[in-house]
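Engineer: Input: one structure, supplied below.
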Amino acid sequence: TDKILIVGDVHGCLNELKALVSKASEYYNAQQNFKVVILVGDLCNKGPHSADVIRFVRLQKNWFSVRGNHDNSALAAALGDKKRCSKQSYEWVKNLSEEDVDWMSQLPYSITIPKEMLHGDGDGDGDDKLVSTRNYAFPNNFIVVHAGFIPGVALEDQEVQTMTTIRDVMETTDVNSKSGNSDPKYSYYQKHESDEKPVVAWAKAWNGPEQVIFGHDAKRGLQNEKNATGLDSGACYGKKLTAIILPDKKLVSVDSEKIHCPIRK
């Protein structure tokens, strides 16, 4: 099979992860293994089986993950960060092996899926309403990142904080500018900043050319914008764990077993 599965924020929900991959394979991939499985990061924290998720993902063949903010925090705790080590919520890192910690330390902040890999053979059928991708060439690459990007900034210039924590951007273009450049400029939006200028979800403002698949925003839930797809559907909050199958762009999800972590108001 040439299909690729990209999974949303797992947050220690190992049973849901296994159930989701099994469902995706059974219903949409003829019970075959996917060519590649990629996770959008935040493998750990909040859910019940953080160390087990990390080990499980590490040991699977052709599985990869980008690095999320919770993965970074857990790695810091595992390496002895005093502030995090003092918190009960990081007790679980004691169950990580040296191999687990080493693997986490090498997680990239983004993974690019070349468009050439997506010249798929998806058949599609009436029941599932899949769009046939036979002989279809995607015009641009896909990029998997945990949180997102600032529109208009070159990928190589995106900062770690942006890639692991961004949700919103603020339009910084001076509307009175006479430069003649009609493309808006954006900056990372911090909650404490003034709202005098327009604030928007970065994914709505993202014009590509790359198609981005990301997580990190359970409050908004699934986001299906023109050039960006957000997969965080709140698995650890008792909602759903969601994945997308490429090249079909088919969304598949499973219900959470229970509320593993209450939502902070």
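Chain labels A, B, ... are given in the sequence in which chains occur in the structure tokens; within each chain residues are numbered consecutively from 1, and ligands are likewise numbered from 1 in the order shown.
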Can you tell me, as an MDAnalysis selection string, which residues in stretch 29-165 of chain A count as strand (DSSP E) by DSSP?
Structural biologist: chainID A and resid 36:39 63:65 110:113 142:145
Engineer: Could you name the residues that touch A:Val160 at 9 Å or less, counting only C-alpha atoms, but leaving out those on the same chain fewer than 4 positions away, as a PyMOL selection string?
Structural biologist: chain A and resi 109+164-165
Engineer: Hey, what's within 10 Å of A:Trp202 if we count only C-alpha atoms and toss same-chain stuff fewer than 6 positions away? As a list in words, please?
Structural biologist: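 The residues satisfying every condition are Ala147, Gly148, Phe149, Ile150, Pro151, Ile166, Arg167, Asp168, Val169, Met170, Tyr186, Ser187, Tyr188, Tyr189 and Ala228 of chain A.
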Engineer: Which residues, written as a list in words, have at least one atom at most 10 Å from A:Ala235, with only C-alpha atoms counted and residues fewer than 4 positions away on the same chain left out?
Structural biologist: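 In the requested form, the answer reads Gly8, Asp9, Val10, His11, Gly12, Cys13, Glu16, Leu17, Lys46, Gly47, Ala218, Lys239, Lys240, Leu241, Thr242, Ser253, Val254, Asp255, Ser256, Glu257, Lys258, Ile259, His260 and Cys261 of chain A.
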Engineer: Would you please extract all alpha helix (DSSP H) residues from stretch 25-111 of chain A, as assigned by DSSP on the backbone, and give them as a PyMOL selection string?
Structural biologist: chain A and resi 25-28+50-59+69-78+82-85+98-105
